[in-house]
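Source file data.txt; content: compact mmCIF, C-alpha atoms and all ligand atoms.
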```txt
# COMPACT_ATOMS: atom_id res chain seq x y z
CA SER Y 151 163.23 64.47 55.38
CA GLY Y 152 166.18 64.19 57.71
CA MET Y 153 164.01 65.14 60.66
CA PHE Y 154 162.71 61.70 61.52
CA SER Y 155 164.13 58.25 61.62
CA TYR Y 156 162.14 55.93 59.38
CA ASP Y 157 161.53 52.54 60.97
CA PRO Y 158 158.62 50.63 59.46
CA GLY Y 159 157.51 47.83 61.78
CA PHE Y 160 159.55 49.46 64.59
CA THR Y 161 162.34 46.93 64.24
CA SER Y 162 164.83 49.20 65.98
CA THR Y 163 162.75 51.64 68.01
CA ALA Y 164 162.25 51.37 71.77
CA SER Y 165 158.88 52.89 72.61
CA CYS Y 166 159.24 52.92 76.39
CA ARG Y 167 161.35 52.03 79.40
CA SER Y 168 160.00 48.99 81.18
CA GLU Y 169 160.94 46.85 84.15
CA ILE Y 170 158.43 44.07 83.56
CA THR Y 171 159.78 41.63 80.97
CA PHE Y 172 163.27 41.06 79.58
CA ILE Y 173 164.04 39.29 76.30
CA ASP Y 174 167.45 38.54 74.83
CA GLY Y 175 166.60 37.35 71.35
CA GLU Y 176 170.11 36.17 70.51
CA LYS Y 177 170.41 34.02 73.62
CA GLY Y 178 166.78 32.88 73.63
CA GLU Y 179 166.28 34.31 77.09
CA LEU Y 180 162.98 35.43 78.61
CA ARG Y 181 162.48 36.73 82.16
CA TYR Y 182 159.51 38.20 83.99
CA ARG Y 183 160.69 40.70 86.62
CA GLY Y 184 164.14 39.16 86.45
CA ILE Y 185 163.08 35.53 86.90
CA PRO Y 186 163.80 33.11 84.01
CA ILE Y 187 160.72 31.72 82.30
CA GLU Y 188 162.00 28.14 82.75
CA GLU Y 189 161.90 28.59 86.52
CA LEU Y 190 158.43 30.16 86.46
CA ALA Y 191 156.93 27.60 84.10
CA THR Y 192 158.12 24.60 86.08
CA GLY Y 193 158.21 25.85 89.68
CA HIS Y 194 155.36 28.35 90.02
CA SER Y 195 151.65 28.60 89.31
CA TYR Y 196 150.07 31.04 86.88
CA LEU Y 197 148.53 33.00 89.75
CA GLU Y 198 151.98 33.44 91.31
CA VAL Y 199 153.14 34.73 87.93
CA CYS Y 200 150.20 37.16 87.84
CA HIS Y 201 151.24 38.50 91.24
CA LEU Y 202 154.84 38.74 90.06
CA LEU Y 203 153.94 40.72 86.95
CA LEU Y 204 151.54 43.07 88.73
CA GLU Y 205 153.38 43.61 92.00
CA GLY Y 206 156.99 43.07 90.98
CA LYS Y 207 157.58 40.09 93.27
CA LEU Y 208 156.33 36.57 93.87
CA PRO Y 209 153.54 36.38 96.48
CA THR Y 210 153.80 35.11 100.01
CA GLU Y 211 151.47 32.24 100.84
CA GLU Y 212 148.89 34.66 102.31
CA GLU Y 213 149.10 36.96 99.30
CA LEU Y 214 148.60 34.02 96.97
CA THR Y 215 145.55 32.79 98.88
CA ALA Y 216 144.09 36.29 98.87
CA LEU Y 217 144.61 36.66 95.11
CA ASP Y 218 143.15 33.21 94.44
CA LEU Y 219 140.00 33.94 96.45
CA GLU Y 220 139.60 37.39 94.98
CA LEU Y 221 139.85 36.12 91.40
CA ARG Y 222 137.28 33.39 92.08
CA HIS Y 223 134.94 35.96 93.56
CA ARG Y 224 135.40 38.39 90.65
CA ALA Y 225 135.02 35.77 87.90
CA PHE Y 226 131.26 36.36 87.54
CA LEU Y 227 129.97 38.62 84.77
CA PRO Y 228 127.41 41.36 85.36
CA GLU Y 229 124.19 39.48 84.61
CA SER Y 230 122.92 41.89 81.96
CA LEU Y 231 126.18 41.46 80.04
CA VAL Y 232 125.06 37.91 79.28
CA LYS Y 233 122.64 39.40 76.72
CA LEU Y 234 125.61 40.59 74.69
CA PHE Y 235 126.39 37.01 73.73
CA GLU Y 236 122.84 36.62 72.39
CA THR Y 237 123.44 39.39 69.87
CA MET Y 238 126.18 37.36 68.21
CA PRO Y 239 125.49 34.96 65.34
CA ASP Y 240 125.88 31.29 66.32
CA ASN Y 241 128.92 30.90 64.13
CA ALA Y 242 130.69 33.98 65.52
CA HIS Y 243 134.36 33.37 66.14
CA PRO Y 244 134.90 33.48 69.93
CA MET Y 245 137.53 36.21 69.40
CA SER Y 246 134.81 38.54 68.03
CA THR Y 247 132.62 37.93 71.03
CA LEU Y 248 135.54 38.17 73.43
CA SER Y 249 136.70 41.56 72.20
CA ALA Y 250 133.13 42.86 72.28
CA GLY Y 251 132.79 41.53 75.83
CA ALA Y 252 135.98 43.26 76.97
CA THR Y 253 134.76 46.54 75.48
CA ALA Y 254 131.39 46.11 77.19
CA LEU Y 255 133.14 45.74 80.57
CA SER Y 256 134.30 49.36 80.20
CA ALA Y 257 130.64 50.37 80.38
CA PHE Y 258 129.93 48.25 83.45
CA TYR Y 259 133.02 49.47 85.28
CA TYR Y 260 133.23 52.99 83.93
CA GLU Y 261 134.64 54.17 87.27
CA HIS Y 262 138.01 52.62 86.33
CA LEU Y 263 138.53 55.55 83.97
CA LYS Y 264 139.76 57.41 87.04
CA LEU Y 265 142.22 55.45 89.14
CA GLU Y 266 143.86 57.07 92.13
CA SER Y 267 145.12 54.73 94.84
CA ASP Y 268 147.11 51.54 94.31
CA GLU Y 269 143.98 49.77 95.52
CA ASP Y 270 142.00 51.29 92.61
CA TYR Y 271 144.56 49.99 90.14
CA ARG Y 272 144.50 46.55 91.73
CA GLU Y 273 140.73 46.29 91.63
CA MET Y 274 140.71 47.26 87.95
CA ALA Y 275 143.45 44.70 87.19
CA HIS Y 276 141.97 41.80 89.16
CA ARG Y 277 138.52 42.35 87.74
CA ILE Y 278 139.47 41.98 84.09
CA ILE Y 279 141.91 39.12 84.71
CA ALA Y 280 139.21 37.22 86.61
CA LYS Y 281 136.47 37.82 84.06
CA MET Y 282 138.42 37.03 80.89
CA PRO Y 283 138.10 33.20 81.20
CA THR Y 284 134.36 33.61 81.81
CA LEU Y 285 133.95 35.84 78.75
CA ALA Y 286 135.91 33.34 76.65
CA ALA Y 287 133.96 30.35 77.96
CA PHE Y 288 130.60 32.08 77.41
CA ALA Y 289 131.65 33.02 73.88
CA TYR Y 290 132.45 29.37 73.26
CA ARG Y 291 129.22 28.04 74.78
CA HIS Y 292 127.28 30.53 72.68
CA SER Y 293 129.04 29.34 69.52
CA LEU Y 294 127.83 25.81 70.40
CA GLY Y 295 124.32 26.97 71.24
CA ALA Y 296 124.91 25.50 74.70
CA THR Y 297 123.75 26.82 78.09
CA TYR Y 298 126.27 29.09 79.80
CA ILE Y 299 128.05 27.56 82.74
CA TYR Y 300 128.71 30.09 85.49
CA PRO Y 301 132.03 30.06 87.35
CA ASP Y 302 132.23 27.69 90.30
CA ILE Y 303 133.47 29.47 93.42
CA ASP Y 304 134.99 26.18 94.61
CA ARG Y 305 137.38 26.01 91.66
CA SER Y 306 140.61 27.88 91.09
CA PHE Y 307 141.32 30.13 88.09
CA THR Y 308 142.63 27.60 85.56
CA GLU Y 309 140.41 24.69 86.57
CA ASN Y 310 137.37 26.96 86.45
CA PHE Y 311 138.02 27.76 82.81
CA LEU Y 312 138.07 24.08 81.80
CA TYR Y 313 134.99 23.56 83.95
CA MET Y 314 133.03 26.35 82.23
CA LEU Y 315 133.92 24.87 78.84
CA ARG Y 316 133.02 21.28 79.73
CA ALA Y 317 130.30 21.09 82.34
CA TYR Y 318 126.65 20.27 81.81
CA PRO Y 319 123.99 22.59 83.25
CA GLY Y 320 123.97 22.04 86.99
CA GLY Y 321 127.74 21.74 86.90
CA LYS Y 322 128.05 17.99 86.30
CA LEU Y 323 131.03 16.59 84.47
CA HIS Y 324 131.05 13.33 82.63
CA ARG Y 325 133.33 10.35 82.04
CA ASP Y 326 132.12 9.67 78.53
CA PRO Y 327 135.10 10.34 76.24
CA SER Y 328 132.80 11.64 73.51
CA GLY Y 329 131.24 14.21 75.85
CA PRO Y 330 132.52 16.64 78.47
CA ARG Y 331 135.06 14.92 80.67
CA GLU Y 332 136.17 15.11 84.25
CA ILE Y 333 138.99 17.55 84.78
CA LYS Y 334 142.29 15.81 85.46
CA PRO Y 335 144.92 17.58 87.59
CA ILE Y 336 147.47 17.06 84.80
CA GLU Y 337 145.20 18.98 82.41
CA VAL Y 338 144.92 21.89 84.83
CA GLN Y 339 148.68 21.88 85.26
CA ALA Y 340 149.32 21.86 81.51
CA LEU Y 341 146.91 24.74 80.88
CA ASP Y 342 148.36 26.66 83.81
CA THR Y 343 151.82 26.37 82.24
CA ILE Y 344 150.43 27.53 78.90
CA PHE Y 345 148.94 30.61 80.61
CA THR Y 346 152.30 31.33 82.26
CA LEU Y 347 154.17 31.09 78.96
CA HIS Y 348 151.76 33.61 77.42
CA ALA Y 349 151.59 35.98 80.39
CA ASP Y 350 153.79 38.76 79.00
CA HIS Y 351 156.22 39.41 76.18
CA GLU Y 352 157.40 43.02 76.43
CA GLN Y 353 156.51 45.32 73.51
CA ASN Y 354 154.88 42.87 71.08
CA ALA Y 355 152.25 44.18 68.65
CA SER Y 356 149.22 43.82 70.94
CA THR Y 357 150.99 45.30 73.98
CA THR Y 358 152.14 48.21 71.85
CA VAL Y 359 148.50 48.77 70.91
CA VAL Y 360 147.42 48.60 74.56
CA ARG Y 361 150.03 51.22 75.49
CA SER Y 362 149.05 53.41 72.53
CA VAL Y 363 145.40 53.39 73.56
CA ALA Y 364 146.48 54.06 77.16
CA SER Y 365 148.42 57.07 75.92
CA THR Y 366 145.23 58.83 74.84
CA GLY Y 367 143.64 58.46 78.28
CA ALA Y 368 140.94 55.97 77.25
CA HIS Y 369 139.39 53.45 79.62
CA PRO Y 370 141.75 50.55 80.54
CA TYR Y 371 139.29 47.89 79.41
CA VAL Y 372 138.99 49.29 75.88
CA ALA Y 373 142.78 49.32 75.74
CA ILE Y 374 142.64 45.59 76.57
CA ALA Y 375 139.92 45.10 73.95
CA SER Y 376 142.25 46.72 71.38
CA GLY Y 377 144.97 44.35 72.50
CA ILE Y 378 142.61 41.45 71.83
CA ALA Y 379 141.96 42.80 68.34
CA ALA Y 380 145.67 43.12 67.60
CA LEU Y 381 146.40 39.66 68.95
CA TRP Y 382 143.87 37.98 66.70
CA GLY Y 383 145.87 38.19 63.46
CA ARG Y 384 147.81 35.23 62.09
CA ALA Y 385 151.15 36.99 62.40
CA HIS Y 386 150.59 37.26 66.17
CA GLY Y 387 148.33 35.24 68.53
CA GLY Y 388 146.14 33.93 65.72
CA ALA Y 389 149.09 31.77 64.65
CA ASN Y 390 148.19 29.03 67.15
CA GLU Y 391 144.89 28.40 65.38
CA SER Y 392 146.56 28.59 61.95
CA VAL Y 393 149.26 26.06 62.93
CA ILE Y 394 146.71 23.30 63.52
CA GLU Y 395 144.79 24.26 60.40
CA GLN Y 396 148.02 24.00 58.45
CA LEU Y 397 149.10 20.69 59.99
CA ARG Y 398 145.71 19.23 59.11
CA MET Y 399 145.96 20.65 55.60
CA ILE Y 400 149.40 19.07 55.13
CA GLY Y 401 147.70 15.88 56.30
CA SER Y 402 150.59 13.41 56.28
CA VAL Y 403 154.34 13.22 56.68
CA GLU Y 404 154.77 12.54 52.94
CA ASN Y 405 153.33 15.94 52.06
CA VAL Y 406 155.70 17.94 54.27
CA ASP Y 407 158.37 18.49 51.59
CA LYS Y 408 155.86 20.00 49.22
CA PHE Y 409 154.74 22.59 51.76
CA ILE Y 410 158.29 23.40 52.84
CA ALA Y 411 159.03 24.11 49.17
CA ARG Y 412 156.03 26.44 49.06
CA ALA Y 413 157.19 28.26 52.21
CA LYS Y 414 160.56 28.86 50.53
CA ASP Y 415 159.13 30.07 47.23
CA PRO Y 416 159.31 33.89 47.16
CA LYS Y 417 156.41 33.99 44.70
CA ASP Y 418 154.14 31.96 47.00
CA PRO Y 419 152.63 33.87 49.94
CA PHE Y 420 152.44 30.60 51.94
CA ARG Y 421 154.29 30.81 55.27
CA LEU Y 422 154.95 28.10 57.77
CA MET Y 423 152.73 29.08 60.67
CA GLY Y 424 154.42 28.85 64.06
CA PHE Y 425 157.82 29.62 62.55
CA GLY Y 426 159.84 32.80 62.90
CA HIS Y 427 159.92 35.61 65.40
CA ARG Y 428 160.84 39.27 65.27
CA VAL Y 429 163.04 39.06 68.36
CA TYR Y 430 164.11 35.43 68.88
CA LYS Y 431 166.85 34.56 66.44
CA ASN Y 432 168.15 31.30 67.92
CA PHE Y 433 165.18 29.68 69.59
CA ASP Y 434 162.01 30.66 71.41
CA PRO Y 435 162.42 29.53 75.04
CA ARG Y 436 158.64 29.23 75.40
CA ALA Y 437 158.57 26.81 72.48
CA ARG Y 438 161.27 24.67 74.11
CA ILE Y 439 159.27 24.41 77.32
CA LEU Y 440 156.11 23.48 75.43
CA LYS Y 441 157.91 20.87 73.37
CA THR Y 442 159.12 19.21 76.57
CA LEU Y 443 155.62 19.44 78.01
CA GLN Y 444 154.20 17.86 74.88
CA ASP Y 445 156.58 14.92 75.22
CA GLN Y 446 155.61 14.47 78.87
CA LEU Y 447 151.91 14.53 78.06
CA VAL Y 448 152.03 11.91 75.31
CA GLU Y 449 151.59 9.15 77.87
CA GLU Y 450 148.97 10.86 80.00
CA LEU Y 451 146.77 12.71 77.55
CA ASP Y 452 145.34 11.75 74.24
CA LEU Y 453 147.72 13.75 72.01
CA ASP Y 454 147.24 13.54 68.26
CA THR Y 455 150.37 11.59 67.41
CA GLU Y 456 149.80 11.88 63.65
CA LEU Y 457 149.83 15.69 63.88
CA MET Y 458 152.89 15.43 66.12
CA ARG Y 459 154.66 13.33 63.51
CA ILE Y 460 153.93 15.92 60.83
CA ALA Y 461 155.09 18.71 63.14
CA ARG Y 462 158.33 16.85 63.97
CA ARG Y 463 159.04 16.30 60.29
CA ILE Y 464 158.52 20.02 59.55
CA GLU Y 465 160.90 20.90 62.34
CA GLU Y 466 163.50 18.41 61.17
CA ILE Y 467 163.49 19.68 57.61
CA ALA Y 468 163.27 23.36 58.47
CA LEU Y 469 166.05 23.25 61.03
CA SER Y 470 168.46 21.75 58.52
CA ASP Y 471 167.38 23.79 55.50
CA GLU Y 472 169.46 26.71 54.32
CA TYR Y 473 166.43 28.95 53.73
CA PHE Y 474 165.32 28.72 57.36
CA ILE Y 475 168.84 28.77 58.81
CA LYS Y 476 169.79 31.89 56.86
CA ARG Y 477 166.67 33.72 58.00
CA LYS Y 478 166.96 32.41 61.57
CA LEU Y 479 163.48 30.90 61.52
CA TYR Y 480 162.71 28.56 64.41
CA PRO Y 481 159.49 27.15 65.81
CA ASN Y 482 157.80 29.64 68.11
CA ILE Y 483 155.37 29.17 71.01
CA ASP Y 484 152.39 28.81 68.68
CA PHE Y 485 153.93 25.82 66.93
CA TYR Y 486 153.46 23.58 69.98
CA SER Y 487 150.53 24.98 71.94
CA GLY Y 488 147.77 23.79 69.59
CA ILE Y 489 148.51 20.08 69.89
CA ILE Y 490 148.32 20.31 73.70
CA LEU Y 491 145.17 22.45 73.64
CA THR Y 492 143.53 19.96 71.29
CA ALA Y 493 144.27 17.17 73.77
CA LEU Y 494 142.60 19.28 76.46
CA GLY Y 495 139.45 19.18 74.35
CA LEU Y 496 139.61 22.75 73.09
CA PRO Y 497 138.53 23.43 69.52
CA ARG Y 498 140.85 25.46 67.28
CA SER Y 499 138.72 28.59 67.59
CA MET Y 500 139.49 28.68 71.33
CA PHE Y 501 143.29 28.68 70.96
CA THR Y 502 143.67 32.44 70.51
CA PRO Y 503 141.19 33.11 73.35
CA VAL Y 504 143.49 30.98 75.57
CA PHE Y 505 146.35 33.28 74.54
CA VAL Y 506 144.13 36.26 75.50
CA ILE Y 507 143.40 34.81 78.94
CA GLY Y 508 147.09 34.27 79.63
CA ARG Y 509 148.17 37.66 78.22
CA THR Y 510 145.58 39.83 79.97
CA VAL Y 511 147.77 40.16 83.06
CA GLY Y 512 150.68 41.32 80.89
CA TRP Y 513 148.55 43.91 79.11
CA VAL Y 514 147.23 45.20 82.43
CA ALA Y 515 150.69 45.32 84.01
CA GLN Y 516 152.03 47.23 80.98
CA TRP Y 517 149.02 49.55 81.00
CA ILE Y 518 149.62 50.38 84.67
CA GLU Y 519 153.36 50.86 84.15
CA PHE Y 520 152.63 53.23 81.30
CA ARG Y 521 150.03 55.25 83.21
CA LYS Y 522 152.31 55.63 86.21
CA SER Y 523 155.37 56.55 84.16
CA PRO Y 524 156.54 60.16 84.27
CA GLU Y 525 157.58 59.71 80.63
CA ALA Y 526 154.08 58.75 79.46
CA LYS Y 527 153.26 60.68 76.30
CA ILE Y 528 150.66 60.26 73.61
CA ALA Y 529 151.83 57.72 70.99
CA ARG Y 530 152.04 59.86 67.90
CA PRO Y 531 154.62 58.78 65.31
CA ARG Y 532 155.44 60.85 62.25
CA GLN Y 533 155.50 59.77 58.60
CA LEU Y 534 157.48 60.30 55.44
CA TYR Y 535 154.95 61.91 53.12
CA ILE Y 536 155.17 60.56 49.58
CA GLY Y 537 151.87 61.80 48.14
CA LYS Y 538 150.95 64.66 45.84
N1 LIG I 601 157.69 30.82 56.79
C1 LIG I 601 158.45 31.08 55.71
N2 LIG I 601 159.22 32.19 55.60
C2 LIG I 601 159.21 33.05 56.61
C3 LIG I 601 158.45 32.85 57.79
C4 LIG I 601 157.67 31.69 57.84
N3 LIG I 601 156.91 31.44 58.91
N4 LIG I 601 158.64 33.88 58.63
C5 LIG I 601 159.49 34.72 58.03
N5 LIG I 601 159.84 34.22 56.81
C6 LIG I 601 160.81 34.83 55.87
C7 LIG I 601 160.20 36.02 55.15
O1 LIG I 601 159.58 35.63 53.96
C8 LIG I 601 161.42 36.87 54.93
O2 LIG I 601 162.16 36.30 53.86
P1 LIG I 601 162.94 37.26 52.82
O3 LIG I 601 164.00 37.93 53.64
O4 LIG I 601 163.47 36.33 51.79
O5 LIG I 601 161.92 38.22 52.28
C9 LIG I 601 162.27 36.66 56.20
O6 LIG I 601 161.90 35.34 56.66
C10 LIG I 601 162.01 37.67 57.31
O7 LIG I 601 160.62 37.73 57.58
P2 LIG I 601 159.85 39.03 58.07
O8 LIG I 601 158.41 38.88 57.76
O9 LIG I 601 160.56 40.25 57.57
O10 LIG I 601 160.12 38.92 59.64
P3 LIG I 601 159.33 39.70 60.79
O11 LIG I 601 160.23 39.79 61.93
O12 LIG I 601 158.75 40.94 60.25
O13 LIG I 601 158.10 38.71 61.09
C11 LIG I 601 156.75 37.00 62.03
C12 LIG I 601 158.00 37.87 62.20
C13 LIG I 601 156.52 36.21 63.33
C14 LIG I 601 155.53 37.91 61.78
C15 LIG I 601 156.93 36.02 60.85
O14 LIG I 601 158.05 35.18 61.09
C16 LIG I 601 155.70 35.18 60.53
O15 LIG I 601 154.82 35.63 59.80
N6 LIG I 601 155.61 33.92 61.09
C17 LIG I 601 154.45 33.08 60.94
C18 LIG I 601 153.35 33.48 61.91
C19 LIG I 601 153.68 33.12 63.33
O16 LIG I 601 154.05 32.00 63.63
N7 LIG I 601 153.46 34.07 64.25
C20 LIG I 601 153.62 33.85 65.69
C21 LIG I 601 154.72 34.65 66.28
S1 LIG I 601 155.17 34.04 67.92
C22 LIG I 601 154.20 34.78 69.15
C23 LIG I 601 152.91 35.31 68.79
O17 LIG I 601 151.96 34.52 68.71
O18 LIG I 601 152.80 36.51 68.63
```
Rewrite the coordinates I just gave you, this time as C-alpha cells.
Ligand code: CMC
Amino acid sequence: SGMFSYDPGFTSTASCRSEITFIDGEKGELRYRGIPIEELATGHSYLEVCHLLLEGKLPTEEELTALDLELRHRAFLPESLVKLFETMPDNAHPMSTLSAGATALSAFYYEHLKLESDEDYREMAHRIIAKMPTLAAFAYRHSLGATYIYPDIDRSFTENFLYMLRAYPGGKLHRDPSGPREIKPIEVQALDTIFTLHADHEQNASTTVVRSVASTGAHPYVAIASGIAALWGRAHGGANESVIEQLRMIGSVENVDKFIARAKDPKDPFRLMGFGHRVYKNFDPRARILKTLQDQLVEELDLDTELMRIARRIEEIALSDEYFIKRKLYPNIDFYSGIILTALGLPRSMFTPVFVIGRTVGWVAQWIEFRKSPEAKIARPRQLYIGK
C-alpha cells in the first residue's frame, strides 16, 4: 500500500519532538539539555545531571542540597513491598525482581496516575529515582539469600547503593578483601560517572517503550517497568552482562582471532557484544569516556587486567578489520562498563540493573515531556498486511 511508509526498526522515523537529549551519530556527539556529555561526566555529579534532565538546567547549590536530601529520604521502600522479594526464587535474575518491584510501586503510589501541578510531577519523579537503587540492591541481596540492608540516611545516592550491596546487618563494612569492603571515594566517583553516562539517550528502544506506554495513559511506574523489560535484552542494556560473559568465554588473547572470525561469518549468529550502535557510526562518546576511566582506575582499583588484555586485542583487530570498518562497528558503552563494575565488586547479573538505576531519570524525564506535550498521541503504528 502506498498509504504508509514502511520502516521496520524505525531507522528513519522520528517519533516525537524532544528537547532533552541530542545525539549526532556521525560526529559522535552526545548532549543532555545542550551540555556535552564529556563536560557532565568529568565536571558534574550524577545528581546534578538528574536535576539537569528533569528541570532543564543544572541546579544551584541549594537546589542540589535539596534534591540530595529528598532522594535520601525517599530511598526507603514501603515495608510490605519487601515481601515481594520473598516470592522470587533464590536464583531469580535481579532484572526480573527489579521490573516486578517497579510495577508494584504503581500499586503503592497509585495517586501518581493523576498528576496536576509541577510539584506532583516532581514527587512522582523523585520517588522512583530514589527507590530504584534500593529495589536493585534488595533484588541482589535476595538472590544471595542475604539480609536486606536498608538505605542509610547519612549516605548520598551513589554511595548508598554500594553500601546496600556490601554491608553486613547493622550496617558494618569490612576490610577483608574476600568479603564486603569499605567504600572508597574513588569507587563512588566511578559509579557516579557510570550513572551519568547512562542517564539518557533520546529515543532508544526502552525509552520508546516508556513513551508508548505513556501514550495510553497508564501509570508512570508501569511505563518505567516496561522500560526495564525492554532494556534487559542483549541488543540493548543486557549487552553489558553479555560482554563480560563473552570475554570470559574467549578466555585468552590467543583465542580472539577465532571469535572475530565467527563474528564475521554470516552463517554464524555470534555477534561481538559491546560492538555496534544504531546511531553512532564513528565512535560512542560514552565508550571513550569509560575507556579513559578504566585506564585511570587500573592503578587504584583491582581491575581484571587479563580481561582488559582480551578486550584491547578485540578492539585492535576489529578497528582495523574491513568487516567492522565497512559496517561502522565500534565499541559501545557496554564494552567498557563491565570491567569497571566487576572491580567495584558487582556480579555480572547486577550490570543491567546499574544501567536501570542510571537510566530511570531519563525515562521519567521523557515520560513527563511526553505527557506535557500538546502533540502527545497514542502510539499506534500501521502495518503492511501480507497474510491471507
Ligand atoms: N558483531 C558482529 N556484527 C555485527 C555487530 C556485532 N556486534 N553488530 C552489527 N553487526 C553487523 C550485522 O550483522 C549487519 O551485517 P550485514 O549488513 O552483513 O548483515 C550490520 O553489522 C548491521 O547490523 P544491524 O543489526 O542491522 O544494526 P542495528 O543498527 O540494527 O543494530 C545493535 C545495532 C546495537 C543492536 C547491534 O550492533 C548489536 O547487536 N550489537 C551487539 C549488542 C550490543 O552491544 N548492544 C549495545 C548497544 S549500546 C547501548 C545499549 O546498551 O543499548
Which polymer residues have any atom within 9 Å of an atom of Pro319 (chain Y), counting only C-alpha atoms, with same-chain residues fewer than 3 positions away left out, as number ranges by chain? Y: 297-299, 322
One decimal, Å: what's the distance from CA of Gly495 (chain Y) over to CA of Thr346 (chain Y), could you say?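 Separating CA of Gly495 (chain Y) from CA of Thr346 (chain Y) is a distance of 19.4 Å.
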Kindly assemble as CSV a list of the chain Y residues that lie within 9 Å of ligand LIG 601 (chain I), each paired with its nearest atom pair and their distance in Å to one decimal, using all atoms listed in the file, sorted first by chain and then by ascending residue number.
```
residue,atom,partner,partner_atom,distance
Y:Gly159,CA,I:LIG601,O12,7.2
Y:Thr161,CA,I:LIG601,O11,7.8
Y:His348,CA,I:LIG601,C22,8.7
Y:His351,CA,I:LIG601,C22,8.7
Y:Asn354,CA,I:LIG601,O18,7.1
Y:Ala355,CA,I:LIG601,O18,7.7
Y:Ser356,CA,I:LIG601,O18,8.5
Y:Leu381,CA,I:LIG601,O18,7.1
Y:Gly383,CA,I:LIG601,N7,8.7
Y:Arg384,CA,I:LIG601,C18,5.8
Y:Ala385,CA,I:LIG601,N7,4.2
Y:His386,CA,I:LIG601,O18,3.4
Y:Gly387,CA,I:LIG601,O17,3.7
Y:Gly388,CA,I:LIG601,O17,6.6
Y:Ala389,CA,I:LIG601,N7,5.0
Y:Asn390,CA,I:LIG601,O17,6.8
Y:Ser392,CA,I:LIG601,C18,8.4
Y:Val393,CA,I:LIG601,O16,7.7
Y:Ile410,CA,I:LIG601,C1,8.2
Y:Arg412,CA,I:LIG601,C1,8.5
Y:Ala413,CA,I:LIG601,C1,4.7
Y:Lys414,CA,I:LIG601,C1,6.0
Y:Asp415,CA,I:LIG601,C1,8.6
Y:Pro416,CA,I:LIG601,O4,6.7
Y:Pro419,CA,I:LIG601,O1,8.2
Y:Phe420,CA,I:LIG601,C1,7.1
Y:Arg421,CA,I:LIG601,N1,3.7
Y:Leu422,CA,I:LIG601,N1,4.0
Y:Met423,CA,I:LIG601,O16,4.4
Y:Gly424,CA,I:LIG601,O16,3.2
Y:Phe425,CA,I:LIG601,N3,4.2
Y:Gly426,CA,I:LIG601,O14,3.5
Y:His427,CA,I:LIG601,C13,4.0
Y:Arg428,CA,I:LIG601,O11,3.4
Y:Val429,CA,I:LIG601,O11,7.1
Y:Asp434,CA,I:LIG601,S1,8.4
Y:Tyr473,CA,I:LIG601,N2,8.1
Y:Phe474,CA,I:LIG601,N2,7.2
Y:Lys476,CA,I:LIG601,O6,8.6
Y:Arg477,CA,I:LIG601,O6,5.2
Y:Lys478,CA,I:LIG601,O6,7.6
Y:Leu479,CA,I:LIG601,N4,6.4
Y:Tyr480,CA,I:LIG601,N3,8.5
Y:Pro481,CA,I:LIG601,O16,7.6
Y:Asn482,CA,I:LIG601,S1,5.1
Y:Ile483,CA,I:LIG601,S1,5.8
Y:Asp484,CA,I:LIG601,O17,5.7
Y:Phe485,CA,I:LIG601,O16,7.0
Y:Thr502,CA,I:LIG601,O17,8.7
Y:Phe505,CA,I:LIG601,O17,8.2
```
Region 435-443 of chain Y: which residues within 9 Å, counting all atoms listed in the file, same-chain residues fewer than 2 positions away excluded, as a VMD selection string? chain Y and resid 178 to 180 187 to 188 191 to 192 340 343 to 344 347 to 348 430 433 445 to 448 481 to 487 490
What's the separation between CA of Ala252 (chain Y) and CA of Ala375 (chain Y), in Å to one decimal place?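 Those two atoms sit 5.3 Å apart.
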Choose the residue, out of Y:Val504, Y:Val403, Y:Ala526, Y:Val199, that has the smallest atom-to-atom separation from Glu456 (chain Y); count only C-alpha atoms.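 Nearest candidate to Glu456 (chain Y) out of Y:Val504, Y:Val403, Y:Ala526, Y:Val199: Y:Val403.
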List the residues sitting within 8 Å of (144.7, 44.8, 74.3) in the file's frame, using all atoms listed in the file, as an mmCIF file with C-alpha atoms, in the coordinates of the input.
```
data_model
loop_
_atom_site.group_PDB
_atom_site.id
_atom_site.type_symbol
_atom_site.label_atom_id
_atom_site.label_comp_id
_atom_site.auth_asym_id
_atom_site.auth_seq_id
_atom_site.Cartn_x
_atom_site.Cartn_y
_atom_site.Cartn_z
ATOM 1 C CA SER Y 356 149.220 43.820 70.940
ATOM 2 C CA THR Y 357 150.990 45.300 73.980
ATOM 3 C CA VAL Y 359 148.500 48.770 70.910
ATOM 4 C CA VAL Y 360 147.420 48.600 74.560
ATOM 5 C CA VAL Y 372 138.990 49.290 75.880
ATOM 6 C CA ALA Y 373 142.780 49.320 75.740
ATOM 7 C CA ILE Y 374 142.640 45.590 76.570
ATOM 8 C CA ALA Y 375 139.920 45.100 73.950
ATOM 9 C CA SER Y 376 142.250 46.720 71.380
ATOM 10 C CA GLY Y 377 144.970 44.350 72.500
ATOM 11 C CA ILE Y 378 142.610 41.450 71.830
ATOM 12 C CA ALA Y 379 141.960 42.800 68.340
ATOM 13 C CA ALA Y 380 145.670 43.120 67.600
ATOM 14 C CA LEU Y 381 146.400 39.660 68.950
ATOM 15 C CA THR Y 510 145.580 39.830 79.970
ATOM 16 C CA TRP Y 513 148.550 43.910 79.110
#
```
CA of Glu189 (chain Y) and CA of Thr308 (chain Y) are how many Å apart?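 Atom-to-atom, CA of Glu189 (chain Y) to CA of Thr308 (chain Y), that is 19.3 Å.
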Would you mind listing what lies within 12 Å of Pro497 (chain Y) as a list of chain:residue names, with only C-alpha atoms counted and same-chain residues fewer than 5 positions away left out?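 Contacts, in chain order: Y:His243, Y:Pro244, Y:Ala287, Y:Tyr290, Y:Arg291, Y:Ser293, Y:Leu294, Y:Leu315, Y:Arg316, Y:Asn390, Y:Glu391, Y:Ile394, Y:Glu395, Y:Gly488, Y:Ile489, Y:Ile490, Y:Leu491, Y:Thr492, Y:Thr502, Y:Pro503, Y:Val504.
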Surrounding residues of region 521-523 of chain Y excluding itself and chain neighbours under 2 positions, 9 Å, only C-alpha atoms, as a list of chain:residue names: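 Listed by chain and then number, they are Y:Arg167, Y:Arg361, Y:Ala364, Y:Ser365, Y:Gly367, Y:Gln516, Y:Trp517, Y:Ile518, Y:Glu519, Y:Glu525, Y:Ala526.
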Given all atoms listed in the file as the basis, pick out the residue of Y:Leu285, Y:Arg224, Y:Glu211, Y:Ala368 nearest to Leu265 (chain Y).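 Under the stated criterion, the closest residue is Y:Ala368.
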